[in-house]
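Data from start_26.cif: mmCIF, C-alpha atoms and all ligand atoms
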data_query
loop_
_atom_site.label_atom_id
_atom_site.label_comp_id
_atom_site.auth_asym_id
_atom_site.auth_seq_id
_atom_site.Cartn_x
_atom_site.Cartn_y
_atom_site.Cartn_z
CA MET A 1 80.59 106.57 -35.34
CA THR A 2 78.19 107.21 -32.54
CA SER A 3 78.40 107.74 -28.82
CA PRO A 4 75.61 108.49 -26.32
CA ALA A 5 77.55 111.45 -24.90
CA LEU A 6 78.13 112.96 -28.33
CA ASP A 7 74.55 112.35 -29.45
CA ARG A 8 73.23 113.95 -26.25
CA PHE A 9 75.50 116.94 -26.80
CA ILE A 10 74.31 117.50 -30.37
CA VAL A 11 70.63 117.13 -29.49
CA GLU A 12 70.91 119.47 -26.52
CA ALA A 13 73.07 121.98 -28.42
CA ALA A 14 70.51 122.07 -31.23
CA ALA A 15 67.68 122.58 -28.74
CA ARG A 16 69.47 125.42 -26.96
CA SER A 17 70.46 127.03 -30.28
CA ARG A 18 66.80 127.05 -31.31
CA VAL A 19 65.77 128.80 -28.13
CA HIS A 20 68.41 131.52 -28.35
CA SER A 21 68.72 133.62 -31.49
CA LEU A 22 71.44 135.99 -30.24
CA ALA A 23 75.00 134.69 -30.54
CA ALA A 24 75.89 135.94 -27.06
CA ASP A 25 72.94 134.03 -25.58
CA ARG A 26 73.82 130.91 -27.55
CA VAL A 27 77.39 130.70 -26.29
CA LEU A 28 76.12 131.31 -22.76
CA ALA A 29 73.78 128.34 -23.13
CA LEU A 30 76.24 126.08 -24.97
CA ALA A 31 79.45 126.59 -22.98
CA PRO A 32 78.30 124.37 -20.06
CA LEU A 33 77.55 121.58 -22.55
CA MET A 34 81.10 121.84 -23.89
CA LEU A 35 82.44 121.64 -20.34
CA ASP A 36 80.67 118.29 -19.94
CA LEU A 37 81.59 117.08 -23.43
CA ILE A 38 85.32 117.43 -22.66
CA GLU A 39 84.89 114.99 -19.78
CA ASP A 40 83.40 112.43 -22.18
CA ALA A 41 85.79 113.11 -25.06
CA GLU A 42 87.48 109.73 -24.79
CA SER A 43 84.12 108.02 -25.40
CA PHE A 44 83.78 109.42 -28.92
CA LEU A 45 87.19 110.58 -30.14
CA GLU A 46 88.59 108.00 -32.49
CA PRO A 47 92.01 107.73 -34.16
CA GLN A 48 90.83 109.73 -37.19
CA HIS A 49 90.02 112.68 -34.93
CA TYR A 50 93.68 112.81 -33.86
CA ARG A 51 95.03 113.08 -37.41
CA SER A 52 97.75 115.68 -37.69
CA ASP A 53 99.96 117.07 -40.42
CA PRO A 54 103.53 118.38 -40.26
CA GLU A 55 102.47 121.14 -42.68
CA GLY A 56 99.96 122.76 -40.34
CA TYR A 57 97.28 122.32 -37.70
CA THR A 58 94.57 119.83 -38.64
CA ARG A 59 90.78 120.19 -38.61
CA ASN A 60 89.03 116.84 -38.23
CA LEU A 61 85.25 116.90 -38.60
CA ILE A 62 83.37 115.07 -35.86
CA ARG A 63 79.78 116.02 -36.74
CA ASP A 64 78.26 118.33 -39.33
CA ASP A 65 74.61 119.18 -38.65
CA PRO A 66 73.59 121.85 -41.16
CA ASP A 67 69.89 121.30 -40.37
CA HIS A 68 70.53 122.72 -36.91
CA GLY A 69 73.31 125.10 -37.99
CA LEU A 70 75.99 123.29 -36.00
CA SER A 71 79.38 121.73 -36.70
CA LEU A 72 81.84 120.11 -34.32
CA TYR A 73 85.53 119.56 -35.05
CA ALA A 74 88.59 118.16 -33.29
CA LEU A 75 91.59 120.36 -34.02
CA VAL A 76 95.08 118.94 -33.57
CA TRP A 77 97.96 121.33 -33.02
CA ARG A 78 101.48 120.03 -33.24
CA PRO A 79 104.15 122.09 -31.48
CA GLY A 80 104.82 125.28 -33.46
CA GLN A 81 101.56 125.21 -35.45
CA TRP A 82 99.42 128.37 -35.56
CA THR A 83 96.43 129.74 -37.44
CA PRO A 84 96.77 132.95 -39.44
CA VAL A 85 95.16 136.06 -37.93
CA HIS A 86 91.48 135.34 -38.55
CA ASP A 87 87.83 135.72 -37.60
CA HIS A 88 85.02 133.23 -38.14
CA GLY A 89 81.95 135.29 -38.95
CA SER A 90 80.15 133.02 -36.51
CA TRP A 91 79.88 132.28 -32.85
CA GLY A 92 82.01 129.44 -31.50
CA VAL A 93 82.55 127.42 -28.33
CA VAL A 94 85.93 125.77 -27.80
CA GLY A 95 86.98 123.17 -25.23
CA ILE A 96 90.46 121.83 -24.57
CA VAL A 97 90.95 118.07 -24.48
CA GLU A 98 94.73 117.82 -24.35
CA GLY A 99 97.70 120.17 -23.92
CA VAL A 100 97.63 123.96 -23.75
CA LEU A 101 96.04 125.96 -26.56
CA GLU A 102 97.26 129.54 -26.76
CA GLU A 103 94.93 132.26 -28.04
CA ARG A 104 96.30 135.70 -28.90
CA SER A 105 93.72 138.42 -29.40
CA TYR A 106 93.63 141.28 -31.88
CA LEU A 107 91.42 144.33 -31.73
CA ARG A 108 90.20 146.23 -34.76
CA VAL A 109 90.68 149.95 -34.10
CA SER A 110 89.62 151.17 -37.57
CA PRO A 111 85.87 151.46 -38.24
CA GLU A 112 83.93 148.21 -38.63
CA GLY A 113 83.03 146.95 -42.07
CA GLY A 114 84.96 146.48 -45.27
CA ASP A 115 88.03 144.47 -46.15
CA GLN A 116 90.46 147.39 -46.60
CA ASP A 117 92.12 149.95 -44.34
CA ILE A 118 91.94 147.65 -41.35
CA ASP A 119 94.04 148.64 -38.37
CA LEU A 120 94.60 145.91 -35.81
CA VAL A 121 96.32 146.16 -32.47
CA ARG A 122 97.49 143.16 -30.51
CA GLY A 123 95.60 142.34 -27.35
CA GLY A 124 96.18 139.88 -24.56
CA LEU A 125 96.52 136.13 -24.60
CA GLN A 126 94.88 133.17 -22.97
CA LEU A 127 96.53 129.89 -22.08
CA LEU A 128 93.77 127.32 -22.24
CA THR A 129 94.53 124.10 -20.40
CA ARG A 130 92.70 120.77 -20.46
CA GLY A 131 89.12 121.22 -19.31
CA ALA A 132 88.97 124.93 -20.21
CA VAL A 133 86.13 126.32 -22.31
CA THR A 134 86.24 129.59 -24.22
CA SER A 135 83.82 131.18 -26.67
CA PHE A 136 83.44 134.03 -29.10
CA VAL A 137 80.73 135.98 -30.87
CA PRO A 138 80.91 138.01 -34.09
CA ASN A 139 79.80 141.33 -32.66
CA PRO A 140 82.21 142.85 -33.42
CA ASP A 141 84.48 140.41 -35.25
CA HIS A 142 86.44 138.28 -32.84
CA ILE A 143 89.94 138.40 -34.34
CA HIS A 144 92.60 136.06 -33.04
CA VAL A 145 95.48 133.69 -33.61
CA THR A 146 95.46 130.30 -31.94
CA GLY A 147 98.12 127.65 -31.74
CA VAL A 148 100.89 126.01 -29.78
CA PRO A 149 104.43 127.40 -29.38
CA ALA A 150 107.25 125.14 -30.52
CA GLU A 151 108.40 124.41 -26.98
CA ARG A 152 105.03 123.06 -25.83
CA ALA A 153 103.42 119.65 -26.40
CA ARG A 154 100.64 118.82 -28.83
CA ALA A 155 97.18 120.23 -28.10
CA VAL A 156 93.77 118.84 -29.08
CA SER A 157 90.63 120.99 -28.89
CA LEU A 158 86.92 120.64 -29.67
CA HIS A 159 85.30 123.45 -31.68
CA LEU A 160 81.55 123.95 -32.01
CA TYR A 161 80.47 126.57 -34.55
CA GLY A 162 77.20 128.06 -35.71
CA ARG A 163 77.70 126.86 -39.28
CA THR A 164 79.90 124.46 -41.24
CA MET A 165 83.25 126.18 -40.83
CA LYS A 166 84.55 125.80 -44.39
CA ASP A 167 85.69 129.38 -44.83
CA PHE A 168 86.77 132.27 -42.67
CA ASN A 169 88.39 135.70 -42.91
CA ILE A 170 92.16 135.95 -42.68
CA TYR A 171 93.90 139.26 -42.09
CA ASP A 172 97.13 140.64 -43.51
CA VAL A 173 98.09 142.94 -40.67
CA ALA A 174 100.83 144.81 -42.58
CA ALA A 175 98.72 145.28 -45.73
CA ARG A 176 95.71 146.25 -43.56
CA THR A 177 93.41 143.91 -45.50
CA ARG A 178 91.33 140.82 -44.96
CA ARG A 179 89.99 138.22 -47.34
CA ARG A 180 87.71 135.19 -47.22
CA VAL A 181 89.52 131.87 -47.64
CA GLN A 182 88.32 128.29 -47.91
CA VAL A 183 89.70 126.07 -45.17
CA ALA A 184 90.06 122.32 -45.54
CA HIS A 185 88.93 119.70 -43.07
CA ASN A 186 89.21 115.95 -42.87
CA GLU A 187 85.95 114.05 -43.01
CA SER A 188 85.46 111.33 -40.43
FE FE A 201 89.49 130.88 -34.53
#
Please re-express this file's structure in structure tokens.
Ligand SMILES: [Fe+2]
Amino acid sequence: MTSPALDRFIVEAAARSRVHSLAADRVLALAPLMLDLIEDAESFLEPQHYRSDPEGYTRNLIRDDPDHGLSLYALVWRPGQWTPVHDHGSWGVVGIVEGVLEERSYLRVSPEGGDQDIDLVRGGLQLLTRGAVTSFVPNPDHIHVTGVPAERARAVSLHLYGRTMKDFNIYDVAARTRRRVQVAHNES
């Protein structure tokens, strides 16, 4: 599967990633590219990128480019599907293609570092509509829950990360712990 818009995006994202070594600078440089990519999403999203699962939100790989430290996914959120509380250990840039993606933030109030004795407090939320772009950086850990409440329609979002996103940290808020888990994705 190829598309000029997608190929341009990957080439330009790789070039801008090379120039900027700091995560905060990278997302600054990459967010405008995501804004444009959303507009062209219909030119490269194919039926396999809209796969969904009644058991949970679905991660469909669009492009994995480990040579440039980039991966791009289409995530499909049926009504009522949410992530666990998690962080990525990476920067990320997210754009909304369809529906409203809800992001609920958590703030770590215990000292940074370690997987035990973690105190989280709930923060605010964002309602991200079609065309919106958001980003995060891992300094400190960006901890959040994303998903779609049961009363809203399906959402589809594009996620660009600074590595192949095959594992991330999930938090048990009550137990005050976090652990690294493997996360599955569908290949194209
Ligand atoms: Fe996330």
inquiry  = Around the point (89.7, 114.0, -43.5) (coordinates from the file), which residues reach within 10 Å if we count all atoms listed in the file? Answer as a PyMOL selection string.
reply    = chain A and resi 48-49+51+58-62+184-188
With C-alpha atoms kept, could you save the residues just selected as a PDB file, in the frame of the given file?
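The resulting file, out_27.pdb, is shown below:
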ATOM      1  CA  GLN A  48      90.830 109.730 -37.190  1.00  0.00           C
ATOM      2  CA  HIS A  49      90.020 112.680 -34.930  1.00  0.00           C
ATOM      3  CA  ARG A  51      95.030 113.080 -37.410  1.00  0.00           C
ATOM      4  CA  THR A  58      94.570 119.830 -38.640  1.00  0.00           C
ATOM      5  CA  ARG A  59      90.780 120.190 -38.610  1.00  0.00           C
ATOM      6  CA  ASN A  60      89.030 116.840 -38.230  1.00  0.00           C
ATOM      7  CA  LEU A  61      85.250 116.900 -38.600  1.00  0.00           C
ATOM      8  CA  ILE A  62      83.370 115.070 -35.860  1.00  0.00           C
ATOM      9  CA  ALA A 184      90.060 122.320 -45.540  1.00  0.00           C
ATOM     10  CA  HIS A 185      88.930 119.700 -43.070  1.00  0.00           C
ATOM     11  CA  ASN A 186      89.210 115.950 -42.870  1.00  0.00           C
ATOM     12  CA  GLU A 187      85.950 114.050 -43.010  1.00  0.00           C
ATOM     13  CA  SER A 188      85.460 111.330 -40.430  1.00  0.00           C
TER      14      SER A 188
END
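Between CA of Phe136 in chain A and CA of Leu120 in chain A there is a distance of 17.6 Å.
Residues in contact with ligand FE 201 (chain A) (atom pairs separated by at most 8 Å; only C-alpha atoms and all ligand atoms) are Thr83, His86, Asp87, His88, Ile143, His144, Val145 and Thr146 of chain A.
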Quick one: which range 60-125 of chain A residues come within 10 Å of range 22-42 of chain A, and what is the nearest atom pair for each with the distance in Å to one decimal, counting only C-alpha atoms, rows ordered by chain and ascending number, as CSV?
residue,atom,partner,partner_atom,distance
A:Ser90,CA,A:Ala23,CA,8.1
A:Trp91,CA,A:Ala23,CA,5.9
A:Gly92,CA,A:Val27,CA,7.1
A:Val93,CA,A:Ala31,CA,6.2
A:Val94,CA,A:Met34,CA,7.4
A:Gly95,CA,A:Met34,CA,6.2
A:Ile96,CA,A:Ile38,CA,7.0
A:Val97,CA,A:Ile38,CA,6.0
A:Glu98,CA,A:Ile38,CA,9.6
inquiry  = Excluding Pro140 in chain A and its own-chain neighbours fewer than 3 positions away, which residues fall within 9 Å of it when counting only C-alpha atoms? Please give them as a PyMOL selection string.
reply    = chain A and resi 108+112+137+143
Selection above as a file: C-alpha atoms, as a compact mmCIF listing (two decimals), keeping the file's coordinate frame:
# COMPACT_ATOMS: atom_id res chain seq x y z
CA ARG A 108 90.20 146.23 -34.76
CA GLU A 112 83.93 148.21 -38.63
CA VAL A 137 80.73 135.98 -30.87
CA ILE A 143 89.94 138.40 -34.34
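Take the candidates A:Ile10, A:Met165, A:Leu128, A:Ala175 and check each one against Gly147 in chain A using all atoms listed in the file; the shortest distance goes to A:Leu128.
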request  = Name the closest residue to Ala174 in chain A among the candidates A:Ile118, A:Ala132, A:Leu158, A:Val109; distances are taken between atoms, counting only C-alpha atoms.
outcome  =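 Using only C-alpha atoms, the shortest distance to Ala174 in chain A belongs to A:Ile118.
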query = Could you state the separation of CA of Gln116 in chain A and CA of Glu55 in chain A in Å, given to one decimal place?
reply =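 Interatomic distance here is 29.1 Å.
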request  = Rounded to one decimal place, report the CA of Ala155 in chain A-CA of Arg179 in chain A distance in Å.
outcome  =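 Spanning CA of Ala155 in chain A to CA of Arg179 in chain A is a straight-line distance of 27.3 Å.
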request  = Show which residues sit within 10 Å of Gln126 in chain A, as a PyMOL selection string. Count all atoms listed in the file, and ignore same-chain residues fewer than 2 positions away.
outcome  = chain A and resi 100-105+124+128-129+134+146
Dump as CSV the rows for residues of range 100-183 of chain A within 6 Å of range 65-78 of chain A: closest atom pair and distance in Å with one decimal, all atoms listed in the file counted, ordered by chain and rising residue number.
residue,atom,partner,partner_atom,distance
A:Arg154,CA,A:Arg78,CA,4.6
A:Ala155,CA,A:Trp77,CA,5.1
A:Val156,CA,A:Val76,CA,4.7
A:Ser157,CA,A:Leu75,CA,5.3
A:Leu158,CA,A:Ala74,CA,4.7
A:His159,CA,A:Tyr73,CA,5.2
A:Leu160,CA,A:Leu72,CA,4.5
A:Tyr161,CA,A:Ser71,CA,5.4
A:Gly162,CA,A:Leu70,CA,4.9
A:Arg163,CA,A:Gly69,CA,4.9
A:Thr164,CA,A:Ser71,CA,5.3
query = Got a sec: who's within 7 Å of range 150-153 of chain A, counting only C-alpha atoms, leaving out chain neighbours fewer than 2 positions off, as a list in words?
reply =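 The residues that qualify are Pro79, Gly80, Gly99, Val148 and Ala155 of chain A.
The smallest atom-to-atom distance between Ala5 in chain A and any of A:Ser43, A:Ser21, A:Ser52, A:Gln81, using only C-alpha atoms, is found for A:Ser43.
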